[in-house]
Each structure stands twice: as structure tokens, then as C-alpha cells.
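Reviewing the structure listed below.
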Amino acid sequence: MKNVNVVVDHLQTEYRTNPLGIDVAVPRLTWGFAEGSALCAQTAYQIIVSTDVHALARGLGEQWDSGTVESRQNVQIAYAGLPLRSGTRYFWSVRVWNERGEMSAYSEPAWWEMGLLTPGDWSASWIQAARGSAGDEMCPQFRRVFELERPVVRARLAICGLGQYELYVNGQCIGEHILEPGWTNYHAVCLYKTYDVTTQLRTGENVLGVLLGNGMYRVTASERYTKFTGSFGELKLIARLEVLLSDGSIVRIGSDGQWRSSASPLTFSSIYGGEDYDARREQEGWSEPGFRENEQWQPVEITVGSVLRAQQNPSPRIIETFVPQRWTCLESGSYLADFGQNFSGWVRISVRGPAGARVKITPSELLRDGMVDQSEIGSPFSFQYTLRGSGLETWRPRFTYYGFRYVLVEGAAPVEFARNTGQDVPVLETITGEMLSADVSTTGEFDCSDDLLNRIHRLILMAIRSNIQNLLTDCPHREKLGWLEEVYLMGPSISNNYGIETLYTLMIENMSDAQWENGLVPDIAPEYARFEGGFLDSPEWGSAIILTPWLMYQRYRDRRILDQHYTAMQRYLVYLSSRADGHILDFGLGDWCDIGPNRPYASQTPIALTATAFYFYDAAILAKISNVLGKTEQARQYEQLAERIKDAFNQRFFNREKRNYATGSQAANAIPLVFGLVERSVRQDVLEQIVRDVQDRGYHTTAGDIGYRFVLQALQEYGRSDLIFALAQRREHPSYGFQLAQGATTLTEMWDGPVSGSSQNHLMLGHIEEWFYSGLAGLRVDFTSEPALTIKPAIVPGLNWVKAVLTLPEGRFASAWQAIEPGRIRLSLTVPANQRARLYLPFIEPSTLIWQEDSDVVLVDGLSAVWELPAGTYELEASLLSQS
């Protein structure tokens, strides 16, 4: 029997909607349900896949028909049909049955299109500019002219350009994304992307154009800032165009010796130092038909490249724009603009002036003595544009970005001041700040009655968005590197707000590619720079190779990623064991940037404690991963190792007389408490040590990069969200409120960042973001638990209301509570289709609970006020327990 009120939607393949050019041999399919669907639980599904969308509409799946599969699973369903072919589009649809045996209609069709599955499919070569045809600092541009004799039905262009590229077809820049391809160890793998260029091609002459920049691929020494220097080789590209014409014939154009190159107007391009563009060097129409090449255009050289893999991670794009909030004319004759917001990106300018005039733009996060100050974030860095002298000229950089709030403009006068300069200088008609961030979806919303918490929320989100680029970076200026501790420690906070599945997949692949032969996982991946000591090898950083795949499984149910990287995880644990002495590790960075006299080095908590705690946790989590993968013998071995580490840890660090660990710092007690290293009989004692220390310090933390998240987790899990709220309300150092009071608009690197002058755009201390969702709103997602969804809100005195939403594949998972009168609250809850949630309300008087409508909730534990909620929406009111 059909039920038209059961609607399947949000179909995805490999985490993406209608992805173009994937090269996963066995794609995984996921679907959700329209809001209001008459489905509490899916009991079965049927998937059909076809290369013919019309056949699909008739219910025919010649590539794969799964038949009726009895299952509640609606995510990560592995394709099991006929072998997939390169360049082929596959349409798919799914229908489901609900708990009453009612069948939905088939979903609207979705599709995926395969990329190039084998090296032989490319029919193209890597090419580079002829040596000497471009200057040492200038970047090359490439073009290929070809003819099409008939109208175009379909065209796909696959390309990888190193370090970064811009693609043009008949003069049109293709796509809205920038800084492509994604960042990898280019010796191991290079990412390519496929574009639909059907509408850009035409009958007759056509031109492909490619502009290359250095990116992370080539970082050379210069007078400007570099974090490191190194090169993977000459800038190069590989491209393949396949065109289906109206008569059924196919034309293929690959990168080969017929391409030509010349120097571009990009005279300097550095991911760390900035970008210079000389518009006088522009060759108008160079990527368009009809252009006549001059002597600058030379034949290309054939070269070699690495393994190619289709890019699945989202590239950056412009997500927001800012205009100057204030201009200041300086005595030097230059001009200072304040955008009012710190962000990652660049500027776009429109300027008039004579040929050869140069506009220099120097960005910075802070001012010193009224001038831009880059001293703490990578100096010097600048954008420079040389005018061609032909009316209004508009320009923006292409292959670099920076973190800034202010810009110093030299060589041009803003239009507001131009009439008063008394000099013949170029006129800056407009300048716009353009924020860059990876093109991730928004998956969460949080709001509450407290203005300070909302401002903290926005502060952290701006830092997160600024650092979600081709990697999760630590900062958008000084380093731009993938420091690994942030990936898993901030992972829950980030995944509550944004869809990071494919970004994290790439970062885990980068970790595996960076692993040394002896099993060491360096602190950064890709390992573009080789550091020393704890900056090379710290267990709290390297543990990302185990803890990040586990996070992907907990949040996204991605079992494949556990399987793919299981060997790398094992090798890392073997490496840690080789460094242990009596199961104790004593190396690394520890609780970096904690509150102490040796900042940024850890001073509150012994390095041996944090290193050994993570060694234990790695073993414990790898045991769980082994069980998920059905490797029971390995699971047993890792469980035994974890127990031996636990015994050694407690013998070394636990003070039975004081009932605390090591120095008794907040991190020293919180990390073992959260990891499960503390014996049950003394857990409350250890918690009280944390509580007392936070209170004695005026509701401030002493923890840093590693320990702070666990301080918050310990307090939340043991029912002390009131203490977290008190901590969040502080406005003295160290606190978020202090940063805001000092004018911060993004989260800073240090707790006193605005006055210490360090990075003003760091996400590493943003862990309270996790508490906003899982603590205040009570929304928790863990697909290693049953049920996977939990609602356990914290009703904190001082807050009148809280609301939050998480978007899951199945739909909205939401919680909102409001104090409707003294001692009484109202809750509004949503559990998405095909899920159940465990609701914990230990703070209410059970006898006062009123459900607004009849519901199918099940009382699990009356004493502790625990219910199980099937999919649906719920409204309830209750009185709070008396605090007397």
C-alpha cells in the first residue's frame, strides 16, 4: 500500500548532491525524509540505478535494482550493481516502507557522474611552460585552440593545475570556487576536478585557457614573508576535454605538445607573501577565440606528475563581503581602512589612474600607533596592483589570502579624499573585503537569551569559517598549516555547525600520506615543513590519525574510513609503544598555550601526563574501532594494552592523599576523568578538585589548547553546566568576554589575544561551541550508541531560553527550552524520521510533567526521569526540582 505522505528526499552520493566527476569505485548512497513525512521508522528500502532517467521514471534500474531490502539504514548504502564506467552519469532513486508497511513513491531522481577511473582514461600529459619562457617570479598562462564542427550536446573538462589554477573557456572563468585544487602531498597524490563546460563551447574556434599560481606547491624565498620554503617542482597542469557533438561523434582534447604558454601579468604569487599583478602585461583576449599570439607564446614542455584522484572536498569561495566602516588619512599621504570585522580573504578594488601607477595594499589584524601591524602574523605581506591606464580597472588577487581587519592603501586616494589631495594620484573608487571559506553547508543553529553567549558563538564561528579552507588551518596568515590537534578536538564544535564530511575525509587521507615509515604521524599534514621536537612529534597531535576517523564514524556513520585507515592507526600505536617507558610517554607539546609563566609552552600540567593519557585513549578507541570492523582478536589486544597503560598512569600520576592528578591543574584532572582513567570510587573527588580550582580562580580556566575541551566536558558530563555558564560570563583575562571587551571580532590564539598581539584569528580555543549544542540545548549525536540521539538540556540559572537545531541526513534534530514562570519550563523537541532519541530530564519534578499531546514516548527510568522518543515533535511542561 502506498502512502503519499512518506516523501524521500535529500539524496546524496558520497556526501554530495549530484556530484560531478567522482572516482570512488563503489559509491555510497544516502537519503533523508521530507519534514512531516508519515514515517517514524523505515523498515525497508529499494534503490534503482540507471543510465537512462526515463527508464528510472518507469521504475527500471538496469544498472542496479536492490530489490526490497529490510533495513532501517538510510545512509552509506554501498552501490552493488554493474561495474561503473568513466565519464558516465548514473541516475538513481529510492523508495521506502514505513513502520506500518506503507510504501512511499520513488524519490525524485538524483545522479552522480563518474570521473576518470584509470590513468589510461586521461589521454593527456602533464605540461609545463618552456624553461625560461616566464620569469623566476612570474606565473605562466596556457592556451589551447581547437575547432568544433557541430553543435555541442555535452562537454566535460577534467583538470589539475599545480600549485593553484584558474580555468577559462572562451574567455569565461569557469566556476565560483578558488584556490583549487585541494592541498595534498603533491608527491603522493594530486587532486583533479571535473567541470561541465557544455554551454561555454560553440561551433567553430574554441580556446581553453589556464592561469597557474604557486599556492602551497611552490613556496620560494623572497623579500616577503614565508613560513617555510620548498617546492614540489615547476608549475604544471594536466587537462582532458571530452565533447559529445550533435551527430554522436566525440572530440577529445588533452594537454599535450599543442598547448602554448607565456608569462602572465602575475609577477609575484606567494601563499605567504601576497600577490602582485601588472595590468600592463595583460594580453587582451588571450583565452578567447580570434586572439593572435605574439612571440611571448612558446610551445610547452611535456613533464611527469603524481597519482591523480578526483577532488571531493569543497573548495573555498567568497562567502561574505565587507566595506570600510571608517577611513583615516595618515600624515604619510596613505590611507587606513577599517572593515570592522577580522576575516580571511582579500580585497577587490576598482581604481582609475595612469599606466604604471602602483597601488599597494597592506592588510593587518591589529594597529600599533595608528598603523597596520603584521609583526605577529607574518610580515611583510601585501597585495600590489600596477595600472594599465585605461579607465576604471577592477582587480582582486587569485592565489593567496590573508587574515585582516585593516588595510593600508598606498599609491591611491579613496574617492572620498581624492578631491582634497591636491596631487595627481590614482583614485580608488571602491575597495571591498571578500571573505574566503570552503564551500561547506550550514548544519546547525544556536541562539539563547544571553547576549554575551551569542556574541561568543559568533566570535568562534568567524574563526571557524576563516580557517575552513583547503584544510582546517590554524590561522589564515602566519601559518595556514593543518595542525592536527584542532581537527578532532574542535571536530564536534565544527560539525555541529557545518558539513565537513568531505573536508575531513581529505584531511585523514593527508594524515595517512604524511605518516613516516616508523609510524610517526607529524603534527601537521600535509607535512609541507619539517619541524623539530614537539612541533614535529607530539602524541596529542599525532593521535588525530585514530581519533578523527572515530569522530567520522560517531557523527557520520562512516565505517569505510575506519577500514581504509586501520593500518595507519595500528602503525601509529606501535610507534607510540616504541617510545614508551613502562607504558609512560614523556614527549611532545602537552597542553599548549595554557595559563602559565612559560606561555605558549605548557606549564600547568606535566607533558608526560597528557602524552600518556592520549596513549591510553588511542589504545581504547582503537579497540572500539577493531570491534566495529569485526577484528575481535586485535580488539582484545588493544583493550589489554589500554589497561596496562591505565595502571601505569594511575601509579605515576594519581595522588591518593590529595585525590588529584600530578599538579592538580584543571587539565591534569579533567583529561583522565573524561578519558576513563579515573577509578569509579574517586571520580567525584577528582571532579570536586576541578570545581574548586575554577571557583578559587574567580571562575576562570587555566587550561590551554589540549586541556580546555576536557575541562568543559568534565563539568558538563558531571552536571556542572552552571559552572561553565559562570566561566563564560567572565570579562577579565582569561575569558572570551575579555577578548570581546578588547575589541576582538574573531576568536584569538591566546586568551588575552587582543592585548598580547598574537594571532587574532585562531579556532583552537573554541570548545565552548560544543557545549552550546550538547550542554545547553542538550543535543548529542553519537552513532556508536543506541539510540544514537540524546537530548539532555542543562537548565542554567541566568538563562531564560535556549534553542538549537542540528541537520542530520534524516532531517531536523531540535531542542528548545524556555522558562515560562519561576520554577517552570517548557520544552519543544524534534526527533527526525527514522531515528529515536533518549530524553533526560533529571532536573524536573516528574509528577508535574505535562505532554501537550498524546505521544508514544516510553518511560525508561522513572527515578532518573528518562524517556525514549520516537520520531516526531513534542511539547512538554514541567516544574523544576526544588534547589533547597
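Chains: A, B, ... in order of the C-alpha cells. Residues: from 1 per chain. Ligands: from 1, in order shown.
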
- Message: Residues near Arg824 of chain A, anyone? I mean within 8 Å using only C-alpha atoms, not counting same-chain ones fewer than 5 positions away, as JSON, numbers by chain.
- Response: {"A": [819, 877, 878, 879, 880]}

- From the DSSP assignment of the backbone, select every residue of segment 134-300 of chain A that is strand (DSSP E), and format the answer as a PyMOL selection string. chain A and resi 140-148+152-162+164-169+172-173+189-196+204-213+218-219+230-231+236-245+250-254+260-263+266-270+274-278+298-299

Pick out the residues sitting within 9 Å of segment 496-506 of chain A, and hand them over as a PDB file with N, CA and C atoms, in the first residue's frame; count only C-alpha atoms, and ignore anything fewer than 4 positions along from it in its own chain.
ATOM      1  N   GLU A  14      28.166   9.868  -1.875  1.00  0.00           N
ATOM      2  CA  GLU A  14      29.453  10.219  -1.261  1.00  0.00           C
ATOM      3  C   GLU A  14      29.393  11.599  -0.620  1.00  0.00           C
ATOM      4  N   TYR A  15      28.356  11.842   0.158  1.00  0.00           N
ATOM      5  CA  TYR A  15      28.137  13.065   0.932  1.00  0.00           C
ATOM      6  C   TYR A  15      27.759  14.271   0.085  1.00  0.00           C
ATOM      7  N   ARG A  16      27.601  14.129  -1.222  1.00  0.00           N
ATOM      8  CA  ARG A  16      27.365  15.290  -2.079  1.00  0.00           C
ATOM      9  C   ARG A  16      26.086  15.112  -2.882  1.00  0.00           C
ATOM     10  N   GLY A 182      42.560  21.117  -4.053  1.00  0.00           N
ATOM     11  CA  GLY A 182      42.805  20.966  -2.626  1.00  0.00           C
ATOM     12  C   GLY A 182      44.257  20.672  -2.335  1.00  0.00           C
ATOM     13  N   TRP A 183      44.672  20.978  -1.108  1.00  0.00           N
ATOM     14  CA  TRP A 183      46.075  20.844  -0.712  1.00  0.00           C
ATOM     15  C   TRP A 183      46.387  19.419  -0.276  1.00  0.00           C
ATOM     16  N   THR A 184      47.435  18.863  -0.855  1.00  0.00           N
ATOM     17  CA  THR A 184      47.863  17.491  -0.565  1.00  0.00           C
ATOM     18  C   THR A 184      49.384  17.428  -0.570  1.00  0.00           C
ATOM     19  N   GLN A 311      38.853  15.303  -6.779  1.00  0.00           N
ATOM     20  CA  GLN A 311      38.663  16.117  -5.580  1.00  0.00           C
ATOM     21  C   GLN A 311      37.219  16.023  -5.126  1.00  0.00           C
ATOM     22  N   GLN A 312      37.037  15.664  -3.866  1.00  0.00           N
ATOM     23  CA  GLN A 312      35.706  15.599  -3.280  1.00  0.00           C
ATOM     24  C   GLN A 312      35.494  16.696  -2.243  1.00  0.00           C
ATOM     25  N   ASN A 313      36.577  17.203  -1.663  1.00  0.00           N
ATOM     26  CA  ASN A 313      36.438  18.229  -0.625  1.00  0.00           C
ATOM     27  C   ASN A 313      35.999  19.552  -1.237  1.00  0.00           C
ATOM     28  N   PRO A 314      35.270  20.367  -0.495  1.00  0.00           N
ATOM     29  CA  PRO A 314      34.779  21.639  -1.026  1.00  0.00           C
ATOM     30  C   PRO A 314      35.894  22.670  -1.108  1.00  0.00           C
ATOM     31  N   ALA A 438      35.854  27.546   2.698  1.00  0.00           N
ATOM     32  CA  ALA A 438      35.422  26.368   1.940  1.00  0.00           C
ATOM     33  C   ALA A 438      33.900  26.337   1.836  1.00  0.00           C
ATOM     34  N   VAL A 440      31.186  24.842   2.459  1.00  0.00           N
ATOM     35  CA  VAL A 440      30.520  23.834   3.280  1.00  0.00           C
ATOM     36  C   VAL A 440      29.091  24.276   3.583  1.00  0.00           C
ATOM     37  N   SER A 441      28.234  23.313   3.813  1.00  0.00           N
ATOM     38  CA  SER A 441      26.841  23.622   4.142  1.00  0.00           C
ATOM     39  C   SER A 441      26.725  23.985   5.617  1.00  0.00           C
ATOM     40  N   THR A 442      25.696  24.740   5.949  1.00  0.00           N
ATOM     41  CA  THR A 442      25.382  25.053   7.345  1.00  0.00           C
ATOM     42  C   THR A 442      24.479  23.961   7.894  1.00  0.00           C
ATOM     43  N   THR A 443      24.892  23.346   9.009  1.00  0.00           N
ATOM     44  CA  THR A 443      24.156  22.206   9.544  1.00  0.00           C
ATOM     45  C   THR A 443      23.637  22.438  10.955  1.00  0.00           C
ATOM     46  N   GLY A 444      23.888  23.621  11.520  1.00  0.00           N
ATOM     47  CA  GLY A 444      23.430  23.870  12.882  1.00  0.00           C
ATOM     48  C   GLY A 444      23.054  25.315  13.117  1.00  0.00           C
ATOM     49  N   GLU A 445      22.203  25.523  14.094  1.00  0.00           N
ATOM     50  CA  GLU A 445      21.806  26.857  14.519  1.00  0.00           C
ATOM     51  C   GLU A 445      21.708  26.863  16.039  1.00  0.00           C
ATOM     52  N   PHE A 446      22.214  27.941  16.633  1.00  0.00           N
ATOM     53  CA  PHE A 446      22.129  28.083  18.084  1.00  0.00           C
ATOM     54  C   PHE A 446      21.779  29.522  18.428  1.00  0.00           C
ATOM     55  N   LEU A 461      32.453  31.216  15.470  1.00  0.00           N
ATOM     56  CA  LEU A 461      32.088  30.848  14.097  1.00  0.00           C
ATOM     57  C   LEU A 461      32.911  31.617  13.073  1.00  0.00           C
ATOM     58  N   ILE A 468      38.403  27.268   7.728  1.00  0.00           N
ATOM     59  CA  ILE A 468      37.997  26.150   6.871  1.00  0.00           C
ATOM     60  C   ILE A 468      38.347  26.554   5.442  1.00  0.00           C
ATOM     61  N   GLN A 469      39.505  26.138   4.998  1.00  0.00           N
ATOM     62  CA  GLN A 469      39.967  26.450   3.652  1.00  0.00           C
ATOM     63  C   GLN A 469      40.158  25.134   2.908  1.00  0.00           C
ATOM     64  N   ASN A 470      41.262  24.955   2.224  1.00  0.00           N
ATOM     65  CA  ASN A 470      41.557  23.651   1.625  1.00  0.00           C
ATOM     66  C   ASN A 470      41.973  22.637   2.680  1.00  0.00           C
ATOM     67  N   LEU A 471      42.250  23.133   3.857  1.00  0.00           N
ATOM     68  CA  LEU A 471      42.474  22.336   5.055  1.00  0.00           C
ATOM     69  C   LEU A 471      41.741  23.040   6.180  1.00  0.00           C
ATOM     70  N   LEU A 472      41.716  22.398   7.336  1.00  0.00           N
ATOM     71  CA  LEU A 472      41.366  23.116   8.545  1.00  0.00           C
ATOM     72  C   LEU A 472      42.673  23.716   9.046  1.00  0.00           C
ATOM     73  N   VAL A 487      41.835  19.272  14.571  1.00  0.00           N
ATOM     74  CA  VAL A 487      40.922  18.538  13.706  1.00  0.00           C
ATOM     75  C   VAL A 487      39.923  17.737  14.534  1.00  0.00           C
ATOM     76  N   GLY A 491      36.525  19.164  16.307  1.00  0.00           N
ATOM     77  CA  GLY A 491      35.639  18.477  15.364  1.00  0.00           C
ATOM     78  C   GLY A 491      34.173  18.509  15.753  1.00  0.00           C
ATOM     79  N   PRO A 492      33.806  18.178  17.008  1.00  0.00           N
ATOM     80  CA  PRO A 492      32.389  18.254  17.385  1.00  0.00           C
ATOM     81  C   PRO A 492      31.822  19.662  17.259  1.00  0.00           C
ATOM     82  N   ASN A 510      45.343  12.951   4.101  1.00  0.00           N
ATOM     83  CA  ASN A 510      46.616  13.666   4.227  1.00  0.00           C
ATOM     84  C   ASN A 510      47.430  13.158   5.412  1.00  0.00           C
ATOM     85  N   MET A 511      46.749  12.816   6.517  1.00  0.00           N
ATOM     86  CA  MET A 511      47.461  12.264   7.669  1.00  0.00           C
ATOM     87  C   MET A 511      48.153  10.942   7.292  1.00  0.00           C
ATOM     88  N   THR A 548      40.283  11.106  14.674  1.00  0.00           N
ATOM     89  CA  THR A 548      39.459  11.756  13.655  1.00  0.00           C
ATOM     90  C   THR A 548      38.608  10.750  12.877  1.00  0.00           C
ATOM     91  N   PRO A 549      39.152   9.611  12.412  1.00  0.00           N
ATOM     92  CA  PRO A 549      38.258   8.615  11.802  1.00  0.00           C
ATOM     93  C   PRO A 549      37.155   8.149  12.758  1.00  0.00           C
ATOM     94  N   MET A 552      34.489  10.623  12.670  1.00  0.00           N
ATOM     95  CA  MET A 552      33.698  10.474  11.442  1.00  0.00           C
ATOM     96  C   MET A 552      32.685   9.341  11.568  1.00  0.00           C
ATOM     97  N   TYR A 556      29.019  10.563  11.397  1.00  0.00           N
ATOM     98  CA  TYR A 556      28.520  10.357  10.032  1.00  0.00           C
ATOM     99  C   TYR A 556      28.324   8.896   9.654  1.00  0.00           C
ATOM    100  N   ILE A 561      35.835   4.663   6.281  1.00  0.00           N
ATOM    101  CA  ILE A 561      37.045   5.427   6.615  1.00  0.00           C
ATOM    102  C   ILE A 561      37.828   4.738   7.725  1.00  0.00           C
ATOM    103  N   GLU A 769      31.791  26.056  22.070  1.00  0.00           N
ATOM    104  CA  GLU A 769      30.799  25.894  21.000  1.00  0.00           C
ATOM    105  C   GLU A 769      30.130  24.524  21.076  1.00  0.00           C
ATOM    106  N   GLU A 770      30.889  23.503  21.429  1.00  0.00           N
ATOM    107  CA  GLU A 770      30.331  22.159  21.595  1.00  0.00           C
ATOM    108  C   GLU A 770      29.306  22.141  22.719  1.00  0.00           C
ATOM    109  N   TYR A 773      25.601  23.397  22.065  1.00  0.00           N
ATOM    110  CA  TYR A 773      24.664  22.421  21.483  1.00  0.00           C
ATOM    111  C   TYR A 773      24.414  21.235  22.421  1.00  0.00           C
ATOM    112  N   VAL A 805      19.344  23.671  16.644  1.00  0.00           N
ATOM    113  CA  VAL A 805      18.931  22.707  15.617  1.00  0.00           C
ATOM    114  C   VAL A 805      20.180  22.090  15.013  1.00  0.00           C
ATOM    115  N   LEU A 806      20.173  20.785  14.841  1.00  0.00           N
ATOM    116  CA  LEU A 806      21.185  20.077  14.065  1.00  0.00           C
ATOM    117  C   LEU A 806      20.496  19.447  12.860  1.00  0.00           C
ATOM    118  N   THR A 807      21.118  19.567  11.696  1.00  0.00           N
ATOM    119  CA  THR A 807      20.559  18.957  10.490  1.00  0.00           C
ATOM    120  C   THR A 807      21.275  17.643  10.228  1.00  0.00           C
TER     121      THR A 807
END

- Message: What parts of segment 99-295 of chain A does DSSP call helix (DSSP H, G or I)? I'd like the answer as a list in words.
- Response: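 Answer for segment 99-295 of chain A restricted to helix (DSSP H, G or I) is Pro119, Gly120, Asp121, Thr198, Thr199, Gln200, Ala279, Arg280 and Arg281 of chain A.
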
Could you take the residues named above and write them with C-alpha atoms, as a short mmCIF file (atom, residue, chain, number, x, y, z; two decimals), in the first residue's frame?
data_model
loop_
_atom_site.label_atom_id
_atom_site.label_comp_id
_atom_site.auth_asym_id
_atom_site.auth_seq_id
_atom_site.Cartn_x
_atom_site.Cartn_y
_atom_site.Cartn_z
CA PRO A 119 45.27 6.58 -15.88
CA GLY A 120 44.53 5.40 -19.41
CA ASP A 121 41.26 7.32 -19.43
CA THR A 198 28.72 22.39 -22.32
CA THR A 199 27.31 25.90 -22.51
CA GLN A 200 30.69 27.60 -22.82
CA ALA A 279 47.90 45.01 -15.74
CA ARG A 280 50.22 46.44 -18.41
CA ARG A 281 51.25 42.86 -19.15
#

- Message: Please compute the atom CA of Glu149 of chain A-atom CA of Gly257 of chain A distance, one decimal, in Å.
- Response: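 Atom CA of Glu149 of chain A sits 22.3 Å away from atom CA of Gly257 of chain A.
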